[in-house]
Protein chains: 2
Amino acid sequence: MRTGGSPLGLHRVLEPPGVLPQAAWRLDADSELYDNEVRVRVERLNLDAASFRQLREEYRDDGDAIRECVRDLIERRGKMHNPTTGSGGMLVGTIDEVGAASPLGLAVGDRVASLVSLTLTPLRITDRLERWDGHSEQVPCEGSAVLFARSIAAILPEDLPMPLAMAVFDVCGAPALTARVVGRYAEAAPEPSVAVLGGAGKSGSLSLAAARRAGAGRVVAVVPDDDEARSLRAASLADEVVVADARDPLAVAAAIDEPVDVTVVCVDVAGCEGGAILATRAGGTVIFFSMATSFAAAALGAEGLGAEVTMLIGTGYTPGHAAGALELLREVPGVRRLFEARLDAEERTLRGR
Amino acid sequence: MRTGGSPLGLHRVLEPPGVLPQAAWRLDADSELYDNEVRVRVERLNLDAASFRQLREEYRDDGDAIRECVRDLIERRGKMHNPTTGSGGMLVGTIDEVGAASPLGLAVGDRVASLVSLTLTPLRITDRLERWDGHSEQVPCEGSAVLFARSIAAILPEDLPMPLAMAVFDVCGAPALTARVVGRYAEAAPEPSVAVLGGAGKSGSLSLAAARRAGAGRVVAVVPDDDEARSLRAASLADEVVVADARDPLAVAAAIDEPVDVTVVCVDVAGCEGGAILATRAGGTVIFFSMATSFAAAALGAEGLGAEVTMLIGTGYTPGHAAGALELLREVPGVRRLFEARLDAEERTLRGR
């Protein structure tokens, strides 16, 4: 087996040379491994929602054209990396071979989901994607992918349906970081208060449950409408469920009333920075998980409000994050009910279109 | 004196109602105070660089037209808030009257700079800006401004030239937050290592000095070229000064060599997220001060690199930040030399145009 592979996968970069795999135009997807790599026999790709939407628009929902485009992209780039959106997705498969020096702790036969983006994962497709009609983000396929020493993969649990596990993996960074931050406040003073903007969503409900487990006292959830408020109240994840537009700082502050120690932003719309800052007490922390967060709006917002708050960029990665999130789903019935209801709704929308 | 003023200045918002002062189109700039406010007799405005550049372009460097536009804007909006750039600037003046309930700790006669943006500061101009030729960001003027209970102002030091003090105030959030984070690492294990990207700049040099004072061991500065490396080496603020393009993650990682506990990003160009993340050890912290930081690039970058790092949005505000930064400037000769050299260069550029 070849040796000397870089933990970041630099040895797989073909062009341009000297960049990270995500920045590369083309990767070497050769299925022969370096000794710190792992090979996955791929069963399905899960295209990033933004990427799939762009493909549907470009090809006007012509499934055959979409399929050809994806096939061609993967062949030319050695990875599934939509050049227009810059996004990829994730994959599911079974471990095929494990290099002796791989630190990932995976074994041949493990069924895994890759938690690093397809935009940096060497991928070779060996069928013609003929089992995919081009009308869903879920792409059944045959082929091989390579995980580097610094890649992240999670073993798929046997007790949960795959779509449910994937939905959890998709947001598992949020409860992990929430637990870490709330736990730190709880050490300093018992029962810190926590607010979650977008508490009824996937990352939101997991964050509420994680906050509670980490020792939170008062837990408030902010949701946009009465429907979400009803289902979140039924899930019993928060002491208070309040309805407010997260983009309206004064409405959020009024709804939260007493500012909290930790505010977690899980709302995927722009303009929630001010409300999150106002909801947080001096010396508190805001964790932003929404990709719609604006760095400048957060930085200047805190300054403009004279707010002494710590602001964290929520990352997808904390060691043990996937297992921890699955545990919350299994053990907190309210979280599981919200996830299942959301997956059902998505399924219905998908069928309806 | 009127009572019931909101700490955030909501009572000064005229239109649209129910928004924060920064989001408002028009503020009430009446010089009669509420009891939690402070009035400043304004001597000069310091227009935001982006705003002034836009005005110069729009009016093709016609100073009279620029002056009329600024006058008109302030009169119509009750604040200096450029509607095109969304930015304002800061002001310098003398405290005129202090409401009995103001918590800012200011006294009549104090000469201050406002550290909150002009975009949220009620402002009334009583001269016709006739002492301003429209060709500089510095606008001498007469008028009054209002500071709210949550506004931030710093007393101008008597021992330093005003442009030098203003340059320090402009970036004083960076050394304050750097000191706090480095201090926390130093408590856990002595002499944490620190890297500053853009170490020769204003926020960079202050951050280097702050890191050292907070107990840093190895301190590395990354600069873009040999000129900056030479002047930074002469200032003796870092153990190592290395030249690398901060936008090239692998070049930064190679230049830093051993990953550090805390990385501070002070480079005002886009695309420095990957390098900062790679420069930082697992369990370390990245503080982003550059307004060119992309939230998504940081969040996805950390995930793609399997990096377990805490990422902070650098804010302009930490209590005591202005005084702390002035202290560093006074006591660390290298910092002062770099600031003075930079101001000289800016002055020459200004004269040359």
# chains A, B, ... in the order shown; residues from 1 in each chain; ligands from 1
>>> residues_around(residues="Arg233 of chain B", least_positions_apart="3", cutoff="12 Å", atoms="only C-alpha atoms", output="VMD selection string")
chain B and resid 199 to 200 205 220 to 223 226 to 230 236 to 243 334 to 335 337 to 338
>>> interface_residues(of="chain A", to="chain B", cutoff="9 Å", atoms="only C-alpha atoms", output="number ranges by chain")
A: 8, 18-20, 22, 115-117, 119-120, 150-152, 248-250, 289-296, 298-319
>>> atom_distance(atom1="atom CA of Pro17 of chain A", atom2="atom CA of Gly89 of chain A")
23.7 Å
>>> closest_residue(among="B:Val40, B:Ala113, B:Leu164, B:Leu147", to="Glu346 of chain B", atoms="only C-alpha atoms")
B:Leu164
>>> select_by_dssp(residues="segment 52-189 of chain A", states="alpha helix (DSSP H)", output="ChimeraX atom specification")
/A:52-58,63-77,162-170,173-188
>>> write_last_selection(atoms="N, CA and C atoms", output="CSV table (one decimal), in the first residue's frame")
chain,number,residue,atom,x,y,z
A,52,PHE,N,-28.8,20.6,-5.7
A,52,PHE,CA,-29.9,19.9,-6.4
A,52,PHE,C,-30.9,20.9,-7.0
A,53,ARG,N,-31.2,21.9,-6.2
A,53,ARG,CA,-32.1,23.0,-6.7
A,53,ARG,C,-31.5,23.7,-7.9
A,54,GLN,N,-30.2,24.0,-7.9
A,54,GLN,CA,-29.6,24.6,-9.0
A,54,GLN,C,-29.7,23.7,-10.3
A,55,LEU,N,-29.4,22.5,-10.1
A,55,LEU,CA,-29.4,21.5,-11.2
A,55,LEU,C,-30.8,21.4,-11.8
A,56,ARG,N,-31.8,21.4,-10.9
A,56,ARG,CA,-33.2,21.3,-11.4
A,56,ARG,C,-33.6,22.5,-12.2
A,57,GLU,N,-33.1,23.7,-11.8
A,57,GLU,CA,-33.4,24.9,-12.5
A,57,GLU,C,-32.7,25.0,-13.8
A,58,GLU,N,-31.4,24.6,-13.8
A,58,GLU,CA,-30.6,24.7,-15.0
A,58,GLU,C,-31.2,23.8,-16.1
A,63,GLY,N,-34.9,15.1,-15.7
A,63,GLY,CA,-34.2,14.1,-14.9
A,63,GLY,C,-33.0,13.5,-15.7
A,64,ASP,N,-33.2,13.2,-16.9
A,64,ASP,CA,-32.1,12.5,-17.7
A,64,ASP,C,-30.9,13.5,-17.8
A,65,ALA,N,-31.3,14.8,-18.1
A,65,ALA,CA,-30.2,15.8,-18.3
A,65,ALA,C,-29.5,16.0,-17.0
A,66,ILE,N,-30.2,16.0,-15.9
A,66,ILE,CA,-29.6,16.2,-14.5
A,66,ILE,C,-28.7,15.1,-14.2
A,67,ARG,N,-29.1,13.8,-14.5
A,67,ARG,CA,-28.3,12.6,-14.3
A,67,ARG,C,-27.0,12.7,-15.1
A,68,GLU,N,-27.1,13.1,-16.4
A,68,GLU,CA,-25.9,13.1,-17.2
A,68,GLU,C,-25.0,14.2,-16.7
A,69,CYS,N,-25.5,15.3,-16.2
A,69,CYS,CA,-24.6,16.4,-15.7
A,69,CYS,C,-23.9,15.9,-14.5
A,70,VAL,N,-24.6,15.2,-13.6
A,70,VAL,CA,-23.9,14.8,-12.3
A,70,VAL,C,-22.9,13.7,-12.6
A,71,ARG,N,-23.2,12.8,-13.5
A,71,ARG,CA,-22.2,11.8,-13.9
A,71,ARG,C,-21.0,12.4,-14.5
A,72,ASP,N,-21.2,13.3,-15.4
A,72,ASP,CA,-20.1,14.0,-16.1
A,72,ASP,C,-19.2,14.8,-15.1
A,73,LEU,N,-19.9,15.5,-14.2
A,73,LEU,CA,-19.2,16.3,-13.1
A,73,LEU,C,-18.3,15.4,-12.3
A,74,ILE,N,-18.8,14.3,-11.8
A,74,ILE,CA,-18.0,13.4,-11.0
A,74,ILE,C,-16.9,12.8,-11.8
A,75,GLU,N,-17.1,12.5,-13.0
A,75,GLU,CA,-16.0,11.9,-13.8
A,75,GLU,C,-14.9,13.0,-14.1
A,76,ARG,N,-15.3,14.2,-14.4
A,76,ARG,CA,-14.3,15.2,-14.7
A,76,ARG,C,-13.6,15.7,-13.5
A,77,ARG,N,-14.3,15.8,-12.3
A,77,ARG,CA,-13.7,16.4,-11.1
A,77,ARG,C,-13.1,15.4,-10.1
A,162,MET,N,-32.5,4.9,8.0
A,162,MET,CA,-31.4,5.7,7.5
A,162,MET,C,-31.8,7.2,7.3
A,163,PRO,N,-32.9,7.5,6.8
A,163,PRO,CA,-33.2,9.0,6.6
A,163,PRO,C,-33.2,9.7,8.0
A,164,LEU,N,-33.7,9.0,9.0
A,164,LEU,CA,-33.7,9.6,10.3
A,164,LEU,C,-32.3,9.9,10.8
A,165,ALA,N,-31.4,8.9,10.7
A,165,ALA,CA,-30.0,9.0,11.1
A,165,ALA,C,-29.3,10.1,10.3
A,166,MET,N,-29.6,10.1,9.0
A,166,MET,CA,-29.0,11.2,8.2
A,166,MET,C,-29.4,12.6,8.6
A,167,ALA,N,-30.7,12.7,8.9
A,167,ALA,CA,-31.2,14.0,9.3
A,167,ALA,C,-30.5,14.4,10.6
A,168,VAL,N,-30.2,13.5,11.5
A,168,VAL,CA,-29.5,13.8,12.7
A,168,VAL,C,-28.1,14.2,12.5
A,169,PHE,N,-27.4,13.4,11.6
A,169,PHE,CA,-26.0,13.7,11.3
A,169,PHE,C,-25.9,15.1,10.7
A,170,ASP,N,-26.8,15.5,9.9
A,170,ASP,CA,-26.8,16.8,9.2
A,170,ASP,C,-26.7,18.0,10.2
A,173,GLY,N,-23.6,18.9,14.9
A,173,GLY,CA,-22.7,19.8,15.5
A,173,GLY,C,-23.3,20.8,16.5
A,174,ALA,N,-24.6,21.1,16.2
A,174,ALA,CA,-25.3,22.0,17.1
A,174,ALA,C,-25.5,21.6,18.5
A,175,PRO,N,-26.1,20.4,18.8
A,175,PRO,CA,-26.2,20.0,20.2
A,175,PRO,C,-24.9,19.8,20.9
A,176,ALA,N,-23.9,19.4,20.1
A,176,ALA,CA,-22.6,19.1,20.8
A,176,ALA,C,-22.0,20.4,21.3
A,177,LEU,N,-22.0,21.5,20.4
A,177,LEU,CA,-21.4,22.7,20.9
A,177,LEU,C,-22.3,23.4,21.9
A,178,THR,N,-23.6,23.3,21.8
A,178,THR,CA,-24.5,23.9,22.8
A,178,THR,C,-24.2,23.2,24.1
A,179,ALA,N,-24.1,21.9,24.2
A,179,ALA,CA,-23.8,21.2,25.4
A,179,ALA,C,-22.5,21.7,26.1
A,180,ARG,N,-21.5,21.9,25.2
A,180,ARG,CA,-20.2,22.3,25.7
A,180,ARG,C,-20.3,23.7,26.4
A,181,VAL,N,-20.9,24.6,25.7
A,181,VAL,CA,-21.0,26.0,26.1
A,181,VAL,C,-21.9,26.1,27.4
A,182,VAL,N,-23.1,25.4,27.3
A,182,VAL,CA,-24.0,25.5,28.5
A,182,VAL,C,-23.3,24.8,29.7
A,183,GLY,N,-22.6,23.7,29.5
A,183,GLY,CA,-21.9,23.1,30.6
A,183,GLY,C,-20.8,24.0,31.2
A,184,ARG,N,-20.2,24.8,30.4
A,184,ARG,CA,-19.2,25.7,31.0
A,184,ARG,C,-19.8,26.7,31.9
A,185,TYR,N,-21.0,27.3,31.4
A,185,TYR,CA,-21.7,28.2,32.3
A,185,TYR,C,-22.2,27.5,33.6
A,186,ALA,N,-22.7,26.3,33.4
A,186,ALA,CA,-23.2,25.6,34.6
A,186,ALA,C,-22.2,25.3,35.6
A,187,GLU,N,-20.9,25.2,35.2
A,187,GLU,CA,-19.8,25.0,36.1
A,187,GLU,C,-19.6,26.3,37.0
A,188,ALA,N,-19.8,27.4,36.3
A,188,ALA,CA,-19.6,28.7,37.0
A,188,ALA,C,-20.7,29.0,37.9
>>> atom_distance(atom1="atom CA of Ala100 of chain A", atom2="atom CA of Ala279 of chain B")
27.1 Å
>>> atom_distance(atom1="atom CA of Asp48 of chain B", atom2="atom CA of Glu137 of chain B")
7.2 Å
>>> select_by_dssp(residues="segment 60-236 of chain B", states="strand (DSSP E or B)", output="ChimeraX atom specification")
/B:89-98,111-114,123-125,138-147,153-155,194-197,219-223
>>> closest_residue(among="B:Ala244, B:Val42, B:Leu47, B:Ala154", to="Cys172 of chain B", atoms="only C-alpha atoms")
B:Ala154
>>> residues_around(residues="Lys202 of chain B", least_positions_apart="3", cutoff="7 Å", atoms="only C-alpha atoms", output="list in words")
Val171, Ser205, Leu206 and Phe339 of chain B
>>> write_last_selection(atoms="N, CA, C and O atoms", output="compact mmCIF listing (two decimals), in the first residue's frame")
# COMPACT_ATOMS: atom_id res chain seq x y z
N VAL B 171 -9.50 50.17 16.66
CA VAL B 171 -9.22 48.73 16.68
C VAL B 171 -9.10 48.18 18.10
O VAL B 171 -8.62 47.07 18.31
N SER B 205 -0.71 44.58 15.60
CA SER B 205 0.39 44.88 16.52
C SER B 205 -0.12 44.99 17.96
O SER B 205 0.51 44.51 18.90
N LEU B 206 -1.31 45.57 18.13
CA LEU B 206 -1.89 45.63 19.48
C LEU B 206 -2.21 44.23 20.01
O LEU B 206 -2.01 43.93 21.19
N PHE B 339 2.31 52.26 14.81
CA PHE B 339 1.15 53.14 14.62
C PHE B 339 1.57 54.46 13.97
O PHE B 339 0.95 54.94 13.04
>>> closest_residue(among="B:Asp225, B:Glu32, B:Asp261, B:Glu43", to="Ala246 of chain B", atoms="only C-alpha atoms")
B:Asp225
